[in-house]
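Below you'll find the structure, written out as structure tokens, and then a few comments.
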Amino acid sequence: MVDTYQPMDVFDSMTESTFILKPALHQQKQQIQRQKQGKPTLKQARANSKRTSAAAEDSSEHSDLTANDGYVPLFQGKEPIESMRLRQRLFDQMWTPLEQRLVDIERKVNNAGVSEVCRFVDSSYQRVESVEKGQLAAPFAETAAAVVFSGVNTGDHSNMFHSLQEQLAVDGHYVALLESQYCSSLPTMLKCLLDQIYECISIDSSKSSNNKETAATAAALPASIGAKAIGYDMSLLRLWWSQISTRKQGSRVVVILQDFEGFAPMVVDDFIRIATNYCHEIPIVVVFGLATSYEIIHQSLTKASISMLNVERFNLQRSKQCIDAAIRSVFVDSASVLCFGAEAYKSLLDQFLLYNFSISGFVKKLKFAAMDFYYAQPLSVLSAMVGSSRDGCASAAISDCPIRLSRNQTELIRMQRSVQRFLDSRMDGANDRKYAIQALVNDDFFQDTVIPDMLRQLVSYRQSYSLGIAMVLGIQDYLPQSLQKPLRTLHYYGISQPFDDCAHWKTLFAAVRRMKAPEMAQLVQKLEAVVSAAVNADLSFAGSKGVDIRALVRKAAALIADPEAQPQDDDKDKDKDSSDDDDNDKVQEEKVKTQSVLSSKRIRTRTDMENCPFLLFDKDSSDQMLRALDKCCGYIESVLRVCLSSYQTVPLHEIFYYKHSLLLDTTFSPQPRAAVQAALGKTQYYIDCDCCKSTFQNPDGLGGDEQDSGEDHRIMPSMSDTSIAYRLHQECGRMINLYDWFSAFSSVVEQEDSFAQEGTSQSEIQARFLRAVEEMRFLGFIKSTQRKTDHVVRLTWGM
């Protein structure tokens with residue numbers, strides 16, 4: 001049935017009166033007078049005033065958004081202004097040093113590769129310099145070239161080569177960093193080269209203005225460079241070098257081609273030939289930056305050009321080492337208050353490992369998460385209570401909040417599940433019950449006492465977790481290289497699930513149980529050093545779980561040093577922990593059985609091996625040493641199980657562990673195909689069309705189930721032409737007949753003629769169909785085929 005519904009005008013009601021109010025006679029005279037004077041009428045003046053007021057409101061709203069760098073009061077505008085400004089100040093205090101620390105980490109990781117390239121530049125052309133002293137010259141000329149593989153993370157190449165340029169300039173070389181977008185031809189390449197060399201000359205001449213010869217050469221150079229194409233010649237560089245080289249001993253002219261793949265091969269080929277002709281007079285070193293592989297040199301350059309190069313390979317790609325150092329600094333060592341949950345961390349890591357290995361992309365995603373935390377989280381003001389130690393780590397010293405929390409913020413904290421579990425755990429004793437009741441009814445007590453207690457527990461957990469990861473890294477040194485996991489993976493194991501549930505936990509302790517006495521002594525000594533290094537760490541979280549980390553590590557070290565002197569209370573604790581609900585007779589009987597197994601040192605049965613598996617791996621040690629090894633393994637296991645427990649057991653983890661992984665994925669990993677298909681399939685949500693909305697809200701003949709699901713697959717003539725063509729093509733198979741497609745399109749479009757006074761011509765419908773088909777071809781939904789000229793091939797399925 002054709003839907004003949006038409007919107008009713010405001011005054012079409014038969015039950016309401018209509019009043020026509022004409023302006024008074026004097027108002028009509030005023031309007032005529034204003035028209036004669038060229039002034040706007042009263043109606044136009046009112047419209048202009050409305051536009052002005054609307055523009056003023058828009059500008060005021062815009063100024064409100066930009067006045068505080070985009071920070072707005074939360075809780076529907078009920079958040080205090082002091083809280084909003086505190087969030088802004090906390091973000092600046094957190095991100096500025098964190099960003100600088102990440103830059104320093106990247107520079108430190110790449111420092112080894114940069115130093116190797118600098119040493120190569122310093123040692124190049126030593127044969128030419130020895131020839132000047134009287135030795136025999138080589139029968140051929142070669143240009144020193146360094147092939148630097150910088151990896152596929154092209155976004156980080158600029159930072160890498162700028163640090164290389166700075167280091168070479170510090171060593172006294174003249175460096176020119178060239179990019180392919182500015183060097184499309186040989187003259188433009190020489191122009192960029194000489195311009196940057198001239199900047200080096202100007203800086204050098206300003207530092208040594210006492211040398212008249214150098215100053216005169218630097219003053220004469222701009223006149224030559226100021227010319228057009230003829231001024232940019234290597235002969236000018238040779239003239240300068242002949243006058244300046246006597247003062248700069250051992251300096252080189254270094255030309256860095258940052259993105260070698262982007263340069264035209266003929267341009268680089270010609271430049272190499274020119275540089276080789278001048279290499280006896282100018283020590284030119286060419287640095288090729290590669291993002292793909294070393295074979296691109298042979299594919300781009302001719303054999304004659306490659307034979308003129310003295311090539312040495314270097315590697316600046318250290319992205320994985322850099323990301324491990326960044327994760328250690330940001331997440332593991334508690335250097336930042338904000339941490340990532342399992343899903344958000346996996347999104348952060350997948351963006352790096354599966355896409356581009358880009359450190360800059362990692363930093364951008366981290367900054368976006370920090371901005372979302374401080375912009376949209378009203379409870380981020382609690383980070384002001386967590387102090388920082390000198391090394392940048394979160395300190396256990398909890399300070400008072402600079403502002404008083406509002407009622408909305410206090411109630412939102414109380415509604416967190418981790419806070420409710422924390423208060424439920426304090427309902428055992430009479431004092432604890434009073435503590436929990438006061439936390440629920442007294443806002444001042446909750447802010448001054450309860451929140452600092454929960455923050456101390458959170459910070460203590462972070463420091464215990466950092467200690468546990470360091471101990472796992474120490475244990476991994478005794479595993480084969482194939483079984484060792486990087487820090488980024490260990491951190492994911494630690495936050496995604498309890499660490500003792502992952503497969504790597506079994507691998508670690510299988511290796512620990514196979515250790516002999518000397519290896520166990522080394523391991524315990526290493527773990528003791530790790531614990532001693534964290535002398536200022538607050539390990540009260542482990543103490544609340546009944547585990548004293550420092551005492552257990554010292555006990556393990558003493559037990560390995562003297563296995564004969566074993567404490568008697570260890571056996572009681574072990575038996576108590578292993579079977580709390582068993583009878584005392586069974587425990588005593590099992591203990592006697594174990595002692596009898598350990599006392600017999602000769603023949604081991606299968607039952608004995610099942611009760612004491614450590615007997616399989618060390619047959620040379622005494623029974624006391626084997627028992628000491630087993631106890632040490634138990635100590636280490638209990639320490640790591642507490643240190644690497646799940647962060648979801650800690651109060652306030654919903655606030656300080658960022659979990660908006662979907663927001664990160666949609667922002668940094670967009671899916672254009674899904675977006676386009678959703679826009680074409682659900683036009684009413686994207687175009688905000690009133691006719692489509694009225695059609696989809698309650699269409700005639702639509703069942704209740706389809707209406708509740710929000711899906712309507714009807715094709716309406718009010719849709720856009722591309723959306724109509726897209727929905728029709730979804731009903732076709734792989735091959736689409738253009739005539740059938742056009743016939744269906746025409747039948748849909750012609751339905752609109754029943755509502756319009758004038759019909760649509762056939763040529764107009766055909767033009768609209770052709771435009772829709774071309775748009776779908778451009779978007780990649782269809783393509784032409786040579787098999788049937790009147791058909792197109794469908795390319796997308798699903799969604």
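If you're wondering about the labels, chains in the structure tokens are A, B, ... by order shown, residues count from 1 in each chain, ligands from 1 in order shown.
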
Quiz item: Which neighbours of segment 428-438 of chain A fall inside 12 Å, counting only C-alpha atoms, when residues of the same chain fewer than 3 positions from it are skipped, and could you give them as an MDAnalysis selection string?
Solution: chainID A and resid 414 419:425 441:450 453

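For segment 251-309 of chain A, backbone-based DSSP assignment of strand (DSSP E) covers Val253, Val254, Val255, Ile256, Leu257, Ile284, Val285, Val286, Val287, Phe288, Gly289, Leu290 and Leu309 of chain A.
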
Would you output that residue set with all heavy atoms, as a JSON list (two decimals), in the first residue's frame?
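again37.json written:
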[["chain", "number", "residue", "atom", "x", "y", "z"],
["A", 253, "VAL", "N", 81.56, 16.28, 5.00],
["A", 253, "VAL", "CA", 80.27, 16.76, 4.51],
["A", 253, "VAL", "C", 79.35, 15.55, 4.41],
["A", 253, "VAL", "O", 79.54, 14.68, 3.56],
["A", 253, "VAL", "CB", 80.41, 17.47, 3.15],
["A", 253, "VAL", "CG1", 79.04, 17.86, 2.62],
["A", 253, "VAL", "CG2", 81.30, 18.69, 3.27],
["A", 254, "VAL", "N", 78.37, 15.48, 5.29],
["A", 254, "VAL", "CA", 77.49, 14.32, 5.40],
["A", 254, "VAL", "C", 76.15, 14.68, 4.76],
["A", 254, "VAL", "O", 75.50, 15.66, 5.14],
["A", 254, "VAL", "CB", 77.29, 13.89, 6.86],
["A", 254, "VAL", "CG1", 76.45, 12.62, 6.93],
["A", 254, "VAL", "CG2", 78.64, 13.68, 7.53],
["A", 255, "VAL", "N", 75.73, 13.89, 3.80],
["A", 255, "VAL", "CA", 74.45, 14.07, 3.11],
["A", 255, "VAL", "C", 73.56, 12.89, 3.49],
["A", 255, "VAL", "O", 73.86, 11.74, 3.16],
["A", 255, "VAL", "CB", 74.63, 14.15, 1.58],
["A", 255, "VAL", "CG1", 73.29, 14.39, 0.90],
["A", 255, "VAL", "CG2", 75.62, 15.24, 1.22],
["A", 256, "ILE", "N", 72.47, 13.18, 4.20],
["A", 256, "ILE", "CA", 71.55, 12.14, 4.68],
["A", 256, "ILE", "C", 70.31, 12.16, 3.79],
["A", 256, "ILE", "O", 69.61, 13.18, 3.69],
["A", 256, "ILE", "CB", 71.15, 12.38, 6.15],
["A", 256, "ILE", "CG1", 72.39, 12.42, 7.05],
["A", 256, "ILE", "CG2", 70.21, 11.29, 6.63],
["A", 256, "ILE", "CD1", 72.09, 12.73, 8.50],
["A", 257, "LEU", "N", 70.05, 11.05, 3.12],
["A", 257, "LEU", "CA", 68.82, 10.87, 2.34],
["A", 257, "LEU", "C", 67.84, 10.11, 3.24],
["A", 257, "LEU", "O", 67.93, 8.89, 3.38],
["A", 257, "LEU", "CB", 69.09, 10.10, 1.05],
["A", 257, "LEU", "CG", 70.22, 10.67, 0.16],
["A", 257, "LEU", "CD1", 70.34, 9.84, -1.10],
["A", 257, "LEU", "CD2", 69.99, 12.12, -0.16],
["A", 284, "ILE", "N", 82.89, 13.67, 1.07],
["A", 284, "ILE", "CA", 81.43, 13.55, 1.15],
["A", 284, "ILE", "C", 81.06, 12.14, 1.61],
["A", 284, "ILE", "O", 81.53, 11.15, 1.05],
["A", 284, "ILE", "CB", 80.78, 13.86, -0.20],
["A", 284, "ILE", "CG1", 81.12, 15.29, -0.65],
["A", 284, "ILE", "CG2", 79.27, 13.68, -0.13],
["A", 284, "ILE", "CD1", 80.57, 15.65, -2.01],
["A", 285, "VAL", "N", 80.21, 12.07, 2.61],
["A", 285, "VAL", "CA", 79.68, 10.80, 3.12],
["A", 285, "VAL", "C", 78.17, 10.82, 2.90],
["A", 285, "VAL", "O", 77.48, 11.75, 3.34],
["A", 285, "VAL", "CB", 80.01, 10.59, 4.60],
["A", 285, "VAL", "CG1", 79.45, 9.26, 5.09],
["A", 285, "VAL", "CG2", 81.51, 10.65, 4.84],
["A", 286, "VAL", "N", 77.66, 9.82, 2.21],
["A", 286, "VAL", "CA", 76.23, 9.71, 1.92],
["A", 286, "VAL", "C", 75.62, 8.67, 2.85],
["A", 286, "VAL", "O", 76.15, 7.56, 2.98],
["A", 286, "VAL", "CB", 75.98, 9.33, 0.45],
["A", 286, "VAL", "CG1", 74.49, 9.33, 0.14],
["A", 286, "VAL", "CG2", 76.71, 10.30, -0.48],
["A", 287, "VAL", "N", 74.52, 9.04, 3.49],
["A", 287, "VAL", "CA", 73.79, 8.14, 4.40],
["A", 287, "VAL", "C", 72.43, 7.87, 3.78],
["A", 287, "VAL", "O", 71.63, 8.80, 3.57],
["A", 287, "VAL", "CB", 73.64, 8.75, 5.80],
["A", 287, "VAL", "CG1", 72.85, 7.82, 6.71],
["A", 287, "VAL", "CG2", 75.01, 9.04, 6.41],
["A", 288, "PHE", "N", 72.16, 6.61, 3.45],
["A", 288, "PHE", "CA", 70.88, 6.20, 2.88],
["A", 288, "PHE", "C", 69.98, 5.66, 3.99],
["A", 288, "PHE", "O", 70.36, 4.72, 4.70],
["A", 288, "PHE", "CB", 71.07, 5.11, 1.82],
["A", 288, "PHE", "CG", 71.93, 5.53, 0.66],
["A", 288, "PHE", "CD1", 73.22, 5.04, 0.51],
["A", 288, "PHE", "CD2", 71.45, 6.41, -0.29],
["A", 288, "PHE", "CE1", 74.01, 5.42, -0.55],
["A", 288, "PHE", "CE2", 72.22, 6.80, -1.36],
["A", 288, "PHE", "CZ", 73.52, 6.31, -1.49],
["A", 289, "GLY", "N", 68.81, 6.26, 4.16],
["A", 289, "GLY", "CA", 67.83, 5.76, 5.12],
["A", 289, "GLY", "C", 66.83, 4.85, 4.44],
["A", 289, "GLY", "O", 66.10, 5.27, 3.55],
["A", 290, "LEU", "N", 66.80, 3.59, 4.85],
["A", 290, "LEU", "CA", 65.94, 2.58, 4.22],
["A", 290, "LEU", "C", 64.84, 2.17, 5.18],
["A", 290, "LEU", "O", 65.07, 2.02, 6.39],
["A", 290, "LEU", "CB", 66.75, 1.35, 3.82],
["A", 290, "LEU", "CG", 67.93, 1.57, 2.87],
["A", 290, "LEU", "CD1", 68.57, 0.24, 2.53],
["A", 290, "LEU", "CD2", 67.49, 2.28, 1.61],
["A", 309, "LEU", "N", 80.55, 3.29, -4.65],
["A", 309, "LEU", "CA", 80.25, 3.46, -3.23],
["A", 309, "LEU", "C", 81.04, 2.48, -2.39],
["A", 309, "LEU", "O", 81.19, 1.31, -2.77],
["A", 309, "LEU", "CB", 78.75, 3.27, -2.98],
["A", 309, "LEU", "CG", 77.79, 4.24, -3.67],
["A", 309, "LEU", "CD1", 76.35, 3.84, -3.38],
["A", 309, "LEU", "CD2", 78.05, 5.67, -3.25]]

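The residue that comes closest to Phe314 of chain A, out of A:Ile765, A:Met625, A:Val117, A:Leu652 and on the basis of only C-alpha atoms, is A:Val117.
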
Exercise. Find the residues near Lys320 of chain A: any atom within 12 Å, counting only C-alpha atoms, skip ones fewer than 2 places away on the same chain, and give them as a ChimeraX atom specification.
Key: /A:106,109-110,151,153,316-318,322-327,349,352-353,356-359,362,486-489

Just the selected residues (N, CA and C atoms), exported as a PDB file, in the first residue's frame, please.
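Saved to result_26.pdb:
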ATOM      1  N   GLU A 106      63.591   6.914  23.982  1.00  0.00           N
ATOM      2  CA  GLU A 106      63.801   6.636  22.557  1.00  0.00           C
ATOM      3  C   GLU A 106      65.206   7.048  22.116  1.00  0.00           C
ATOM      4  N   VAL A 109      67.771   4.514  23.565  1.00  0.00           N
ATOM      5  CA  VAL A 109      67.764   3.204  22.896  1.00  0.00           C
ATOM      6  C   VAL A 109      68.462   3.290  21.546  1.00  0.00           C
ATOM      7  N   ASN A 110      68.229   4.384  20.806  1.00  0.00           N
ATOM      8  CA  ASN A 110      68.839   4.534  19.483  1.00  0.00           C
ATOM      9  C   ASN A 110      70.250   5.094  19.532  1.00  0.00           C
ATOM     10  N   GLY A 151      63.739   0.803   9.665  1.00  0.00           N
ATOM     11  CA  GLY A 151      62.513   0.089   9.971  1.00  0.00           C
ATOM     12  C   GLY A 151      61.306   0.634   9.237  1.00  0.00           C
ATOM     13  N   ASN A 153      58.611   1.778  10.555  1.00  0.00           N
ATOM     14  CA  ASN A 153      57.911   2.835  11.288  1.00  0.00           C
ATOM     15  C   ASN A 153      58.333   4.191  10.740  1.00  0.00           C
ATOM     16  N   LEU A 316      69.214   0.954  12.741  1.00  0.00           N
ATOM     17  CA  LEU A 316      68.666   1.851  13.756  1.00  0.00           C
ATOM     18  C   LEU A 316      67.307   1.397  14.262  1.00  0.00           C
ATOM     19  N   GLN A 317      66.821   0.269  13.763  1.00  0.00           N
ATOM     20  CA  GLN A 317      65.500  -0.198  14.170  1.00  0.00           C
ATOM     21  C   GLN A 317      65.603  -0.916  15.511  1.00  0.00           C
ATOM     22  N   ARG A 318      65.241  -0.220  16.564  1.00  0.00           N
ATOM     23  CA  ARG A 318      65.219  -0.791  17.902  1.00  0.00           C
ATOM     24  C   ARG A 318      63.871  -0.475  18.563  1.00  0.00           C
ATOM     25  N   CYS A 322      62.737  -0.242  22.541  1.00  0.00           N
ATOM     26  CA  CYS A 322      62.223   1.050  22.983  1.00  0.00           C
ATOM     27  C   CYS A 322      60.845   0.897  23.627  1.00  0.00           C
ATOM     28  N   ILE A 323      59.991   0.064  23.051  1.00  0.00           N
ATOM     29  CA  ILE A 323      58.652  -0.102  23.617  1.00  0.00           C
ATOM     30  C   ILE A 323      58.725  -0.824  24.947  1.00  0.00           C
ATOM     31  N   ASP A 324      59.659  -1.760  25.111  1.00  0.00           N
ATOM     32  CA  ASP A 324      59.823  -2.419  26.402  1.00  0.00           C
ATOM     33  C   ASP A 324      60.279  -1.434  27.469  1.00  0.00           C
ATOM     34  N   ALA A 325      61.221  -0.554  27.104  1.00  0.00           N
ATOM     35  CA  ALA A 325      61.684   0.453  28.062  1.00  0.00           C
ATOM     36  C   ALA A 325      60.568   1.431  28.413  1.00  0.00           C
ATOM     37  N   ALA A 326      59.743   1.792  27.419  1.00  0.00           N
ATOM     38  CA  ALA A 326      58.633   2.713  27.689  1.00  0.00           C
ATOM     39  C   ALA A 326      57.590   2.060  28.585  1.00  0.00           C
ATOM     40  N   ILE A 327      57.284   0.797  28.344  1.00  0.00           N
ATOM     41  CA  ILE A 327      56.304   0.095  29.178  1.00  0.00           C
ATOM     42  C   ILE A 327      56.821  -0.065  30.599  1.00  0.00           C
ATOM     43  N   LEU A 349      49.064  -2.343  22.537  1.00  0.00           N
ATOM     44  CA  LEU A 349      50.153  -3.203  22.077  1.00  0.00           C
ATOM     45  C   LEU A 349      49.913  -3.707  20.661  1.00  0.00           C
ATOM     46  N   PHE A 352      50.851  -1.292  17.995  1.00  0.00           N
ATOM     47  CA  PHE A 352      52.300  -1.211  17.773  1.00  0.00           C
ATOM     48  C   PHE A 352      52.825  -2.444  17.045  1.00  0.00           C
ATOM     49  N   LEU A 353      52.460  -3.627  17.482  1.00  0.00           N
ATOM     50  CA  LEU A 353      53.064  -4.852  16.960  1.00  0.00           C
ATOM     51  C   LEU A 353      52.469  -5.278  15.617  1.00  0.00           C
ATOM     52  N   ASN A 356      52.578  -0.870  12.674  1.00  0.00           N
ATOM     53  CA  ASN A 356      53.665  -0.041  12.137  1.00  0.00           C
ATOM     54  C   ASN A 356      54.910   0.034  13.007  1.00  0.00           C
ATOM     55  N   PHE A 357      54.938  -0.571  14.184  1.00  0.00           N
ATOM     56  CA  PHE A 357      56.087  -0.476  15.086  1.00  0.00           C
ATOM     57  C   PHE A 357      56.463   0.985  15.380  1.00  0.00           C
ATOM     58  N   SER A 358      55.490   1.840  15.459  1.00  0.00           N
ATOM     59  CA  SER A 358      55.747   3.270  15.604  1.00  0.00           C
ATOM     60  C   SER A 358      55.723   3.662  17.073  1.00  0.00           C
ATOM     61  N   ILE A 359      56.824   4.242  17.534  1.00  0.00           N
ATOM     62  CA  ILE A 359      56.884   4.752  18.898  1.00  0.00           C
ATOM     63  C   ILE A 359      56.038   6.017  19.016  1.00  0.00           C
ATOM     64  N   PHE A 362      52.535   5.056  19.484  1.00  0.00           N
ATOM     65  CA  PHE A 362      52.341   4.606  20.865  1.00  0.00           C
ATOM     66  C   PHE A 362      52.182   5.796  21.801  1.00  0.00           C
ATOM     67  N   PRO A 486      59.304 -11.241  26.431  1.00  0.00           N
ATOM     68  CA  PRO A 486      59.690  -9.841  26.655  1.00  0.00           C
ATOM     69  C   PRO A 486      58.842  -9.213  27.746  1.00  0.00           C
ATOM     70  N   LEU A 487      59.273  -8.049  28.183  1.00  0.00           N
ATOM     71  CA  LEU A 487      58.579  -7.373  29.277  1.00  0.00           C
ATOM     72  C   LEU A 487      57.148  -7.008  28.910  1.00  0.00           C
ATOM     73  N   ARG A 488      56.924  -6.612  27.659  1.00  0.00           N
ATOM     74  CA  ARG A 488      55.566  -6.224  27.264  1.00  0.00           C
ATOM     75  C   ARG A 488      54.605  -7.397  27.376  1.00  0.00           C
ATOM     76  N   THR A 489      55.062  -8.614  27.079  1.00  0.00           N
ATOM     77  CA  THR A 489      54.208  -9.794  27.186  1.00  0.00           C
ATOM     78  C   THR A 489      53.990 -10.188  28.634  1.00  0.00           C
TER      79      THR A 489
END

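You can rank A:Ala291, A:Ala370, A:Ile715, A:Ala557 by their closest distance to Ala529 of chain A using only C-alpha atoms, and at the top of that list sits A:Ala557.
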
Quiz item: Using only C-alpha atoms, which residues sit within 12 Å of Val512 of chain A once same-chain residues fewer than 4 positions away are excluded, as a VMD selection string?
Solution: chain A and resid 472 474 to 479 505 to 508 516 to 517 519 to 524 614 617 629 to 637

Quiz item: Between A:Tyr374, A:Glu312, A:Met515, A:Cys183, which is the closest to Phe271 of chain A once you count only C-alpha atoms?
Solution: A:Cys183

Self-check item: Of the listed residues A:Ala369, A:Val793, A:Cys200, A:Leu473, that which approaches Thr667 of chain A most closely, counting only C-alpha atoms
Solution: A:Ala369

Non-local contacts of Cys732 of chain A (12 Å; only C-alpha atoms; under 6 positions in same chain excluded) as a CSV table (one decimal) with C-alpha atoms, in the first residue's frame:
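The file below, part.csv, is the result:
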chain,number,residue,atom,x,y,z
A,725,ALA,CA,21.5,1.6,-5.4
A,726,TYR,CA,23.5,0.1,-2.5
A,738,LEU,CA,22.9,-3.2,-15.2
A,740,ASP,CA,17.9,-5.1,-14.1
A,741,TRP,CA,19.5,-2.9,-11.6
A,744,ALA,CA,14.6,-1.8,-9.9
A,782,ILE,CA,31.6,-2.9,-7.7
A,791,HIS,CA,27.3,-6.5,-16.1
A,792,VAL,CA,29.4,-5.4,-13.1
A,793,VAL,CA,31.0,-7.5,-10.4
A,794,ARG,CA,30.1,-7.2,-6.8
A,795,LEU,CA,33.1,-6.9,-4.6
A,796,THR,CA,31.9,-6.7,-1.0
A,797,TRP,CA,29.9,-9.1,1.1
